[in-house]
$ cat protein_1.cif   # mmCIF, C-alpha atoms and all ligand atoms
data_target
loop_
_atom_site.label_atom_id
_atom_site.label_comp_id
_atom_site.auth_asym_id
_atom_site.auth_seq_id
_atom_site.Cartn_x
_atom_site.Cartn_y
_atom_site.Cartn_z
CA MET Z 915 115.87 72.19 90.05
CA LEU Z 916 113.01 74.12 91.54
CA HIS Z 917 113.62 77.73 92.41
CA PHE Z 918 112.25 79.22 95.65
CA GLU Z 919 112.12 82.97 96.15
CA GLN Z 920 112.62 84.49 99.57
CA THR Z 921 109.26 85.46 101.07
CA PHE Z 922 108.62 88.60 103.07
CA MET Z 923 108.24 86.50 106.23
CA ASP Z 924 111.61 84.71 105.61
CA PHE Z 925 113.15 88.13 105.11
CA LEU Z 926 111.62 89.53 108.29
CA ILE Z 927 112.50 86.53 110.46
CA GLU Z 928 116.12 86.86 109.32
CA HIS Z 929 116.06 90.57 110.06
CA GLN Z 930 114.56 90.11 113.53
CA GLU Z 931 117.00 87.34 114.42
CA ARG Z 932 119.97 89.35 113.18
CA HIS Z 933 118.93 92.22 115.45
CA LYS Z 934 118.05 89.89 118.35
CA ARG Z 935 114.48 91.15 118.49
CA THR Z 936 111.36 89.58 119.99
CA TYR Z 937 108.83 87.71 117.87
CA HIS Z 938 105.99 90.17 118.68
CA PHE Z 939 106.61 92.25 115.57
CA LEU Z 940 106.50 89.12 113.39
CA ILE Z 941 103.08 88.30 114.80
CA LEU Z 942 101.88 91.81 114.07
CA MET Z 943 103.26 91.73 110.51
CA ASN Z 944 101.59 88.37 109.96
CA ALA Z 945 98.28 90.09 110.79
CA ILE Z 946 99.07 92.92 108.36
CA LEU Z 947 99.85 90.39 105.59
CA ASN Z 948 96.66 88.43 106.28
CA SER Z 949 94.72 91.70 106.04
CA ALA Z 950 96.33 92.70 102.75
CA LYS Z 951 95.66 89.33 101.12
CA ARG Z 952 92.04 89.39 102.26
CA ILE Z 953 91.56 92.95 100.93
CA GLN Z 954 93.23 91.88 97.70
CA TYR Z 955 90.71 89.05 97.36
CA TYR Z 956 87.65 91.26 98.08
CA TYR Z 957 88.90 93.95 95.72
CA LEU Z 958 89.67 91.56 92.84
CA THR Z 959 86.13 90.26 93.01
CA GLY Z 960 84.66 93.67 93.88
CA ALA Z 961 83.01 94.41 90.55
CA LEU Z 962 81.77 90.84 90.23
CA ARG Z 963 80.17 90.81 93.68
CA GLY Z 964 78.71 94.31 93.40
CA ASN Z 965 80.88 95.68 96.21
CA LEU Z 966 82.27 98.76 94.47
CA GLY Z 967 79.43 101.17 95.30
CA LEU Z 968 78.51 103.42 98.20
CA ALA Z 969 77.84 102.06 101.67
CA GLY Z 970 75.22 104.73 102.42
CA SER Z 971 77.07 106.48 105.27
CA VAL Z 972 79.43 109.45 105.65
CA ASN Z 973 82.83 109.29 107.41
CA VAL Z 974 84.56 111.62 109.87
CA GLN Z 975 85.96 113.66 106.98
CA GLY Z 976 82.41 114.23 105.68
CA GLU Z 977 82.98 111.98 102.66
CA ASP Z 978 80.69 109.22 101.37
CA VAL Z 979 81.84 105.81 102.58
CA MET Z 980 82.23 103.12 99.94
CA ARG Z 981 81.23 99.53 100.62
CA MET Z 982 84.85 98.50 99.96
CA ASP Z 983 86.10 100.97 102.61
CA GLU Z 984 83.93 99.22 105.18
CA ILE Z 985 84.99 95.74 104.13
CA ALA Z 986 88.69 96.62 104.12
CA ASN Z 987 88.45 98.32 107.51
CA GLU Z 988 86.62 95.37 109.05
CA VAL Z 989 89.27 93.01 107.69
CA VAL Z 990 92.20 94.98 109.15
CA LEU Z 991 90.51 95.52 112.53
CA HIS Z 992 89.75 91.80 112.75
CA TYR Z 993 93.33 90.64 112.15
CA LEU Z 994 94.92 93.36 114.28
CA LYS Z 995 92.66 92.54 117.21
CA LYS Z 996 93.19 88.81 116.83
CA CYS Z 997 96.99 89.08 116.85
CA GLY Z 998 96.84 90.45 120.40
CA ARG Z 999 99.83 92.75 119.94
CA VAL Z 1000 98.10 96.04 119.14
CA ILE Z 1001 97.02 98.44 121.87
CA SER Z 1002 94.91 100.62 119.63
CA VAL Z 1003 94.64 101.92 116.10
CA VAL Z 1004 93.88 105.05 114.16
CA SER Z 1005 92.03 104.18 110.96
CA GLU Z 1006 90.86 106.60 108.31
CA GLU Z 1007 87.51 104.88 108.58
CA ASN Z 1008 86.94 105.41 112.32
CA ASP Z 1009 86.30 108.81 113.90
CA ASP Z 1010 87.93 107.79 117.15
CA ILE Z 1011 90.89 105.73 118.21
CA VAL Z 1012 89.86 102.07 118.35
CA MET Z 1013 91.11 100.26 121.48
CA LEU Z 1014 92.08 96.66 120.75
CA ASN Z 1015 94.26 95.20 123.46
CA PRO Z 1016 95.47 97.20 126.49
CA ASP Z 1017 98.37 94.77 126.97
CA GLY Z 1018 99.53 95.21 123.40
CA ARG Z 1019 102.88 96.55 122.34
CA TYR Z 1020 102.19 98.58 119.19
CA PHE Z 1021 100.08 101.38 117.75
CA VAL Z 1022 99.00 101.02 114.13
CA TYR Z 1023 97.90 103.93 111.94
CA PHE Z 1024 96.27 102.85 108.70
CA ASP Z 1025 94.14 103.61 105.71
CA PRO Z 1026 92.78 100.29 104.50
CA MET Z 1027 91.62 101.53 101.09
CA ASP Z 1028 93.25 104.75 99.97
CA GLY Z 1029 92.48 106.32 96.61
CA SER Z 1030 88.70 106.16 96.76
CA SER Z 1031 88.15 107.72 93.32
CA ASN Z 1032 89.66 104.55 91.79
CA VAL Z 1033 87.35 102.16 93.64
CA PRO Z 1034 84.27 102.31 91.35
CA HIS Z 1035 86.60 101.46 88.44
CA ASN Z 1036 88.36 98.62 90.27
CA LEU Z 1037 91.66 100.41 89.54
CA PRO Z 1038 94.64 100.39 91.93
CA ILE Z 1039 94.22 101.57 95.50
CA GLY Z 1040 96.53 101.36 98.51
CA PHE Z 1041 96.48 99.83 101.96
CA LEU Z 1042 98.85 102.09 103.89
CA PHE Z 1043 100.11 101.57 107.42
CA GLY Z 1044 102.58 102.95 109.94
CA ILE Z 1045 103.55 101.31 113.22
CA ALA Z 1046 104.90 102.79 116.46
CA LYS Z 1047 105.88 100.95 119.59
CA ARG Z 1048 104.43 101.66 123.01
CA ASN Z 1049 106.74 103.41 125.43
CA LEU Z 1050 108.00 100.39 127.34
CA GLU Z 1051 109.84 102.49 129.90
CA GLY Z 1052 107.95 105.21 131.71
CA GLU Z 1053 104.57 106.69 131.10
CA GLU Z 1054 102.69 105.93 127.90
CA ASP Z 1055 101.90 109.00 125.79
CA MET Z 1056 99.50 107.00 123.60
CA HIS Z 1057 98.90 107.82 120.01
CA LEU Z 1058 100.15 111.04 118.72
CA ARG Z 1059 103.58 110.08 117.48
CA LYS Z 1060 105.76 111.80 114.92
CA GLY Z 1061 106.56 109.76 111.82
CA ARG Z 1062 110.18 109.86 112.98
CA ASP Z 1063 109.11 107.66 115.91
CA TYR Z 1064 107.49 104.96 113.74
CA ILE Z 1065 109.37 101.68 113.64
CA CYS Z 1066 108.13 100.82 110.19
CA ALA Z 1067 105.76 101.93 107.44
CA GLY Z 1068 104.50 100.22 104.33
CA MET Z 1069 101.98 100.06 101.54
CA PHE Z 1070 100.28 97.43 99.42
CA VAL Z 1071 99.20 98.39 95.92
CA ILE Z 1072 95.99 96.43 95.43
CA PRO Z 1073 95.17 94.47 93.29
CA THR Z 1074 98.49 95.02 91.48
CA GLY Z 1075 100.18 92.89 94.14
CA THR Z 1076 103.20 94.92 95.20
CA PHE Z 1077 104.18 95.47 98.80
CA THR Z 1078 106.75 98.07 99.83
CA ILE Z 1079 107.95 98.42 103.40
CA ALA Z 1080 110.61 100.40 105.23
CA LEU Z 1081 112.06 99.28 108.56
CA LYS Z 1082 113.61 101.98 110.70
CA ASN Z 1083 117.29 102.57 109.83
CA SER Z 1084 117.28 99.39 107.72
CA GLY Z 1085 116.14 100.54 104.29
CA CYS Z 1086 113.11 100.25 102.08
CA PHE Z 1087 112.20 97.02 100.25
CA ARG Z 1088 109.70 96.01 97.60
CA PHE Z 1089 108.07 92.58 97.24
CA HIS Z 1090 105.76 91.09 94.58
CA ILE Z 1091 102.84 88.75 95.12
CA ASP Z 1092 103.37 85.24 93.73
CA GLU Z 1093 101.04 82.45 92.58
CA VAL Z 1094 100.27 81.31 96.12
CA MET Z 1095 99.80 84.84 97.48
CA ASN Z 1096 103.16 85.16 99.19
CA TYR Z 1097 104.95 88.47 98.84
CA VAL Z 1098 108.40 87.48 97.58
CA LYS Z 1099 111.72 88.56 96.08
CA PRO Z 1100 112.86 91.61 98.07
CA THR Z 1101 114.42 94.46 96.14
CA LYS Z 1102 116.09 97.26 98.05
CA MET Z 1103 114.68 100.58 96.89
CA THR Z 1104 116.94 103.60 96.38
CA LEU Z 1105 115.72 106.69 94.58
CA PRO Z 1106 117.72 107.15 91.36
CA ASP Z 1107 120.15 110.09 91.28
CA SER Z 1108 119.83 110.78 87.58
CA PRO Z 1109 116.98 113.18 86.72
CA LYS Z 1110 116.55 111.36 83.40
CA THR Z 1111 113.80 109.15 84.83
CA TRP Z 1112 112.28 111.66 87.24
CA GLU Z 1113 108.54 112.28 87.16
CA LEU Z 1114 106.17 114.87 88.59
CA SER Z 1115 102.88 113.77 90.10
CA PHE Z 1116 100.06 116.03 91.25
CA ASN Z 1117 96.41 116.62 90.40
CA PRO Z 1118 96.61 119.11 87.51
CA SER Z 1119 92.92 119.95 87.78
CA ASN Z 1120 93.77 121.69 91.08
CA TRP Z 1121 96.61 123.76 89.57
CA HIS Z 1122 94.66 127.05 89.57
CA THR Z 1123 93.98 126.67 93.31
CA TYR Z 1124 97.65 126.39 94.37
CA SER Z 1125 99.65 129.24 95.92
CA GLU Z 1126 101.51 131.53 93.55
CA LYS Z 1127 104.87 130.09 94.63
CA VAL Z 1128 103.78 126.57 93.76
CA ARG Z 1129 102.20 127.60 90.45
CA ASN Z 1130 105.36 129.45 89.45
CA TRP Z 1131 107.57 126.50 90.32
CA ILE Z 1132 105.38 124.17 88.27
CA GLU Z 1133 105.39 126.55 85.30
CA GLN Z 1134 109.17 126.86 85.38
CA ASN Z 1135 109.93 123.18 85.92
CA GLU Z 1136 107.25 120.87 84.57
CA ALA Z 1137 108.74 120.62 81.08
CA LYS Z 1138 111.90 119.05 82.52
CA TYR Z 1139 110.13 115.93 83.76
CA ALA Z 1140 107.58 113.35 82.69
CA PHE Z 1141 104.15 113.71 84.29
CA ARG Z 1142 102.08 110.85 85.76
CA TYR Z 1143 99.02 110.88 88.03
CA LEU Z 1144 96.87 107.93 89.06
CA GLY Z 1145 94.97 109.56 91.94
CA ALA Z 1146 95.92 106.90 94.50
CA LEU Z 1147 98.89 107.80 96.66
CA ALA Z 1148 100.26 104.25 96.86
CA GLY Z 1149 100.38 103.92 93.07
CA ASP Z 1150 101.73 107.42 92.45
CA PHE Z 1151 104.36 107.08 95.15
CA HIS Z 1152 105.28 103.59 93.89
CA ARG Z 1153 106.38 105.21 90.60
CA ILE Z 1154 108.31 108.00 92.35
CA LEU Z 1155 110.16 105.44 94.46
CA THR Z 1156 111.25 103.61 91.33
CA ASN Z 1157 111.84 106.49 88.91
CA GLY Z 1158 112.55 109.41 91.25
CA GLY Z 1159 110.95 112.86 91.01
CA LEU Z 1160 108.31 114.53 93.13
CA PHE Z 1161 104.78 113.75 94.26
CA MET Z 1162 102.92 116.74 95.63
CA TYR Z 1163 99.57 117.49 97.16
CA PRO Z 1164 99.71 121.28 97.72
CA ALA Z 1165 97.35 123.46 99.73
CA ILE Z 1166 94.11 124.28 97.94
CA LEU Z 1167 93.80 128.05 98.45
CA ASN Z 1168 91.94 129.68 95.60
CA HIS Z 1169 89.04 127.34 94.97
CA PRO Z 1170 86.04 129.06 93.32
CA ASP Z 1171 83.95 127.39 96.02
CA PRO Z 1172 85.69 128.58 99.24
CA LYS Z 1173 84.22 125.62 101.15
CA LYS Z 1174 86.52 123.42 99.06
CA ASN Z 1175 89.70 125.22 100.11
CA ARG Z 1176 92.15 123.06 102.08
CA PRO Z 1177 94.88 125.34 103.48
CA GLU Z 1178 96.37 122.35 105.32
CA GLY Z 1179 96.23 120.11 102.26
CA LYS Z 1180 94.12 117.01 101.73
CA LEU Z 1181 96.24 114.08 102.81
CA ARG Z 1182 96.29 112.78 106.38
CA LEU Z 1183 99.53 113.02 108.28
CA MET Z 1184 99.50 109.87 110.38
CA TYR Z 1185 98.42 107.20 107.90
CA GLU Z 1186 99.09 108.71 104.47
CA ALA Z 1187 101.87 111.35 104.43
CA ASN Z 1188 104.01 109.80 107.19
CA VAL Z 1189 103.82 106.39 105.56
CA VAL Z 1190 105.26 107.54 102.23
CA ALA Z 1191 107.65 110.01 103.91
CA PHE Z 1192 109.07 107.22 106.09
CA MET Z 1193 109.62 104.93 103.10
CA CYS Z 1194 111.04 107.79 101.04
CA GLU Z 1195 113.63 108.78 103.66
CA GLU Z 1196 114.70 105.15 104.03
CA ALA Z 1197 115.18 105.08 100.24
CA GLY Z 1198 117.35 108.21 100.28
CA GLY Z 1199 114.67 110.81 99.56
CA GLY Z 1200 112.81 113.43 101.58
CA ALA Z 1201 109.37 114.81 102.40
CA ILE Z 1202 108.22 118.26 103.54
CA ASN Z 1203 105.07 120.34 103.94
CA GLU Z 1204 104.46 123.88 102.67
CA ARG Z 1205 106.07 125.36 105.77
CA GLY Z 1206 109.28 123.61 104.73
CA GLU Z 1207 109.10 121.27 107.76
CA ASN Z 1208 110.09 117.63 107.42
CA ILE Z 1209 106.89 115.60 107.41
CA LEU Z 1210 108.42 113.06 109.82
CA ASP Z 1211 109.18 115.79 112.40
CA ILE Z 1212 105.61 117.05 112.73
CA LEU Z 1213 104.05 116.22 116.09
CA PRO Z 1214 100.37 115.66 115.35
CA SER Z 1215 97.83 117.38 117.57
CA LYS Z 1216 94.93 115.25 116.32
CA HIS Z 1217 94.87 111.83 114.74
CA HIS Z 1218 93.07 112.75 111.50
CA GLN Z 1219 95.29 115.82 110.97
CA ARG Z 1220 95.88 116.84 107.35
CA THR Z 1221 99.05 118.10 105.76
CA THR Z 1222 100.38 119.41 102.51
CA LEU Z 1223 102.93 116.98 101.05
CA TYR Z 1224 106.00 117.15 98.82
CA VAL Z 1225 107.74 113.77 98.73
CA GLY Z 1226 110.44 112.32 96.49
CA SER Z 1227 114.00 112.92 95.32
CA LYS Z 1228 116.01 114.92 97.82
CA LYS Z 1229 117.13 117.51 95.29
CA LEU Z 1230 113.55 118.39 94.30
CA VAL Z 1231 112.32 118.36 97.90
CA GLU Z 1232 115.13 120.77 98.85
CA GLU Z 1233 114.27 122.92 95.84
CA MET Z 1234 110.69 123.15 97.14
CA ARG Z 1235 111.92 123.96 100.65
CA GLU Z 1236 113.78 126.94 99.15
CA VAL Z 1237 110.63 127.99 97.27
CA PHE Z 1238 108.67 128.06 100.55
CA ARG Z 1239 111.49 129.87 102.37
CA SER Z 1240 111.74 132.63 99.75
P1 LIG A 1301 91.02 109.17 100.06
O1 LIG A 1301 91.59 108.89 101.43
O2 LIG A 1301 89.69 109.80 100.09
O3 LIG A 1301 91.10 107.98 99.17
O4 LIG A 1301 91.98 110.31 99.46
C1 LIG A 1301 93.35 110.15 99.44
C2 LIG A 1301 93.80 110.14 98.00
C3 LIG A 1301 95.23 109.78 97.81
O5 LIG A 1301 95.42 108.40 97.61
C4 LIG A 1301 95.56 110.51 96.54
O6 LIG A 1301 96.93 110.82 96.48
C5 LIG A 1301 94.70 111.73 96.62
O7 LIG A 1301 93.69 111.45 97.56
C6 LIG A 1301 94.03 112.04 95.34
O8 LIG A 1301 93.22 113.15 95.51
P2 LIG A 1301 92.54 113.89 94.25
O9 LIG A 1301 91.48 112.96 93.77
O10 LIG A 1301 92.04 115.15 94.85
O11 LIG A 1301 93.62 114.11 93.24
MG MG A 1302 92.88 107.84 102.37
#
$ encode --input "protein_1.cif" --output "structure tokens"
Amino acid sequence: MLHFEQTFMDFLIEHQERHKRTYHFLILMNAILNSAKRIQYYYLTGALRGNLGLAGSVNVQGEDVMRMDEIANEVVLHYLKKCGRVISVVSEENDDIVMLNPDGRYFVYFDPMDGSSNVPHNLPIGFLFGIAKRNLEGEEDMHLRKGRDYICAGMFVIPTGTFTIALKNSGCFRFHIDEVMNYVKPTKMTLPDSPKTWELSFNPSNWHTYSEKVRNWIEQNEAKYAFRYLGALAGDFHRILTNGGLFMYPAILNHPDPKKNRPEGKLRLMYEANVVAFMCEEAGGGAINERGENILDILPSKHHQRTTLYVGSKKLVEEMREVFRS
């Protein structure tokens, strides 16, 4: 007897039918899947085709753009436009909001290739996305939504081939890519209660630049947990979701070169922090910034806004909230 695994699309169709929803979201998710598979293909052959270097331009954040960033962004914009369901997008790779289809139903916030320091090595990166729905009743407020108002958020770890997605109030699920490039075999993700497997994840080379409160907490607690850091949020958060623990990207405050300080943190709220925070809450965890605010409750005032981030097991997130309150 042949064995057929449930695909992501089977899973989603069932979910949409159960909740008596329209098919628009399926069409949008089909475009997201097409994008991910295409990025997967370009990235797998990236070294071979000489696509892992610089593109020769600088992005809105003042960082060098990689050729792969451009390819991945073009891929996602193409599929999202073609599906006809997206009003406009915020992409890490575009300074401004990109208008796609004024009659669309959704806003998509994405980073098509996150974890740029891994790109020249062809090591894992992430395609991260969050989706909000247009205000169907009353006036449209356009883009600047809180993560709490997203209807779903997800990430592909590329080229590893895992896809994790959370649907609002319906949980967080992980899929694996199969031989014919379908994402299959949903597993419901719940952060483990037992601290035995918990891990800490942060860039230790920045340790000396963190606030005193954060440095003290690390000194007092790091020996209790294993430590892992890949340098690509999707990969690092993937581990936290499975093993529990805490991923953090604190404020950079005491850098010897003051131009490199980042009092608001490095990660972007709308398409990095919110994406993992949304998945984490659906898996029973939490996410806050250094003001002790829930990441998902922050109303952005600009679309490339940065934030500090502490995401993972509830107990550790609450411990950090106390640290910032004290
Ligand atoms: P990017 O958008 O330039 O790729 O930066 C985002 C990445 C995250 O994936 C990762 O968590 C973090 O930046 C790593 O930063 P660092 O290299 O400073 O540790
Ligand atoms: Mg990024």
$ residues_around --input "protein_1.cif" --residues "Ser1108 (chain Z)" --least-positions-apart "3" --cutoff "9 Å" --atoms "only C-alpha atoms" --output "CSV table (one decimal) with C-alpha atoms, keeping the file's coordinate frame"
chain,number,residue,atom,x,y,z
Z,1111,THR,CA,113.8,109.2,84.8
Z,1112,TRP,CA,112.3,111.7,87.2
Z,1158,GLY,CA,112.6,109.4,91.2
$ closest_atom_pairs --input "protein_1.cif" --of "chain Z" --to "ligand LIG 1301 (chain A)" --cutoff "9 Å" --atoms "all atoms listed in the file" --output "Markdown table"
| residue | atom | partner | partner_atom | distance |
| --- | --- | --- | --- | --- |
| Z:Gln975 | CA | A:LIG1301 | O2 | 8.7 |
| Z:Glu977 | CA | A:LIG1301 | O2 | 7.5 |
| Z:Glu1006 | CA | A:LIG1301 | O1 | 7.3 |
| Z:Asp1025 | CA | A:LIG1301 | O1 | 7.3 |
| Z:Met1027 | CA | A:LIG1301 | O3 | 6.7 |
| Z:Asp1028 | CA | A:LIG1301 | O3 | 4.0 |
| Z:Gly1029 | CA | A:LIG1301 | O3 | 3.3 |
| Z:Ser1030 | CA | A:LIG1301 | O3 | 3.9 |
| Z:Ser1031 | CA | A:LIG1301 | O9 | 6.2 |
| Z:Asn1032 | CA | A:LIG1301 | O3 | 8.3 |
| Z:Val1033 | CA | A:LIG1301 | O3 | 8.9 |
| Z:Ile1039 | CA | A:LIG1301 | O5 | 7.2 |
| Z:Gly1040 | CA | A:LIG1301 | O5 | 7.2 |
| Z:Phe1116 | CA | A:LIG1301 | O11 | 7.0 |
| Z:Asn1117 | CA | A:LIG1301 | O11 | 4.7 |
| Z:Pro1118 | CA | A:LIG1301 | O11 | 8.2 |
| Z:Ser1119 | CA | A:LIG1301 | O11 | 8.0 |
| Z:Asn1120 | CA | A:LIG1301 | O10 | 7.7 |
| Z:Tyr1143 | CA | A:LIG1301 | O11 | 8.2 |
| Z:Leu1144 | CA | A:LIG1301 | O6 | 8.0 |
| Z:Gly1145 | CA | A:LIG1301 | C6 | 4.3 |
| Z:Ala1146 | CA | A:LIG1301 | O5 | 3.5 |
| Z:Leu1147 | CA | A:LIG1301 | O6 | 3.6 |
| Z:Ala1148 | CA | A:LIG1301 | O5 | 6.4 |
| Z:Gly1149 | CA | A:LIG1301 | O5 | 8.1 |
| Z:Asp1150 | CA | A:LIG1301 | O6 | 7.1 |
| Z:Phe1151 | CA | A:LIG1301 | O6 | 8.4 |
| Z:Phe1161 | CA | A:LIG1301 | O6 | 8.7 |
| Z:Met1162 | CA | A:LIG1301 | O6 | 8.5 |
| Z:Tyr1163 | CA | A:LIG1301 | O6 | 7.2 |
| Z:Lys1180 | CA | A:LIG1301 | O7 | 7.0 |
| Z:Leu1181 | CA | A:LIG1301 | C1 | 5.9 |
| Z:Arg1182 | CA | A:LIG1301 | O1 | 7.9 |
| Z:Glu1186 | CA | A:LIG1301 | C1 | 7.8 |
$ residues_around --input "protein_1.cif" --residues "Val1004 (chain Z)" --least-positions-apart "6" --cutoff "8 Å" --atoms "all atoms listed in the file" --output "NGL selection string"
:Z and (1010-1012 or 1022-1024 or 1217)
$ closest_residue --input "protein_1.cif" --among "Z:Ile927, Z:Ala961, Z:Leu1183, Z:Ile1154" --to "ligand MG 1302 (chain A)" --atoms "only C-alpha atoms and all ligand atoms"
Z:Leu1183
$ atom_distance --input "protein_1.cif" --atom1 "CA of Glu1136 (chain Z)" --atom2 "CA of Ile1209 (chain Z)"
23.4 Å
$ atom_distance --input "protein_1.cif" --atom1 "CA of Arg1153 (chain Z)" --atom2 "CA of Gln954 (chain Z)"
20.0 Å
$ residues_around --input "protein_1.cif" --residues "Pro1026 (chain Z)" --least-positions-apart "5" --cutoff "9 Å" --atoms "all atoms listed in the file" --output "number ranges by chain"
Z: 949-950, 953, 983-984, 986-987, 989-990, 1005-1007, 1040-1043
$ atom_distance --input "protein_1.cif" --atom1 "CA of Thr1101 (chain Z)" --atom2 "CA of Ala1191 (chain Z)"
18.7 Å
$ closest_residue --input "protein_1.cif" --among "Z:Asn1157, Z:Thr959, Z:Asn948, Z:Leu1058" --to "Ser1002 (chain Z)" --atoms "all atoms listed in the file"
Z:Leu1058
$ closest_residue --input "protein_1.cif" --among "Z:Ile941, Z:Met980, Z:Leu994, Z:Met1234" --to "ligand MG 1302 (chain A)" --atoms "only C-alpha atoms and all ligand atoms"
Z:Met980
$ closest_residue --input "protein_1.cif" --among "Z:Cys1086, Z:Leu1160, Z:Ile1202, Z:Ala1187" --to "ligand MG 1302 (chain A)" --atoms "only C-alpha atoms and all ligand atoms"
Z:Ala1187
$ residues_around --input "protein_1.cif" --residues "Gln920 (chain Z)" --least-positions-apart "5" --cutoff "12 Å" --atoms "all atoms listed in the file" --output "list in words"
Phe925, Leu926, Ile927, Glu928, Phe1089, His1090, Ile1091, Asp1092, Asn1096, Tyr1097, Val1098, Lys1099, Pro1100 and Thr1101 of chain Z
$ closest_residue --input "protein_1.cif" --among "Z:Met1184, Z:Leu1223, Z:Leu1210, Z:Leu1050" --to "ligand MG 1302 (chain A)" --atoms "all atoms listed in the file"
Z:Met1184
$ axis_aligned_box --input "protein_1.cif" --around "region 1130-1133 of chain Z" --padding-each-side "3 Å" --output "AutoDock Vina command-line options"
--center_x 106.5 --center_y 126.8 --center_z 87.8 --size_x 8.2 --size_y 11.3 --size_z 11.0
$ residues_near_point --input "protein_1.cif" --point "(105.9, 86.4, 116.0)" --cutoff "12 Å" --atoms "all atoms listed in the file" --output "JSON list (two decimals) with C-alpha atoms, in the coordinates of the input"
[["chain", "number", "residue", "atom", "x", "y", "z"],
["Z", 923, "MET", "CA", 108.24, 86.50, 106.23],
["Z", 924, "ASP", "CA", 111.61, 84.71, 105.61],
["Z", 926, "LEU", "CA", 111.62, 89.53, 108.29],
["Z", 927, "ILE", "CA", 112.50, 86.53, 110.46],
["Z", 930, "GLN", "CA", 114.56, 90.11, 113.53],
["Z", 931, "GLU", "CA", 117.00, 87.34, 114.42],
["Z", 935, "ARG", "CA", 114.48, 91.15, 118.49],
["Z", 936, "THR", "CA", 111.36, 89.58, 119.99],
["Z", 937, "TYR", "CA", 108.83, 87.71, 117.87],
["Z", 938, "HIS", "CA", 105.99, 90.17, 118.68],
["Z", 939, "PHE", "CA", 106.61, 92.25, 115.57],
["Z", 940, "LEU", "CA", 106.50, 89.12, 113.39],
["Z", 941, "ILE", "CA", 103.08, 88.30, 114.80],
["Z", 942, "LEU", "CA", 101.88, 91.81, 114.07],
["Z", 943, "MET", "CA", 103.26, 91.73, 110.51],
["Z", 944, "ASN", "CA", 101.59, 88.37, 109.96],
["Z", 945, "ALA", "CA", 98.28, 90.09, 110.79],
["Z", 997, "CYS", "CA", 96.99, 89.08, 116.85],
["Z", 998, "GLY", "CA", 96.84, 90.45, 120.40],
["Z", 999, "ARG", "CA", 99.83, 92.75, 119.94]]
$ residues_around --input "protein_1.cif" --residues "Thr1078 (chain Z)" --least-positions-apart "3" --cutoff "9 Å" --atoms "all atoms listed in the file" --output "PyMOL selection string"
chain Z and resi 1067-1071+1086-1090+1103+1152+1193
$ closest_residue --input "protein_1.cif" --among "Z:Val1000, Z:Ala1201, Z:Ala1080, Z:Val1189" --to "ligand MG 1302 (chain A)" --atoms "all atoms listed in the file"
Z:Val1189
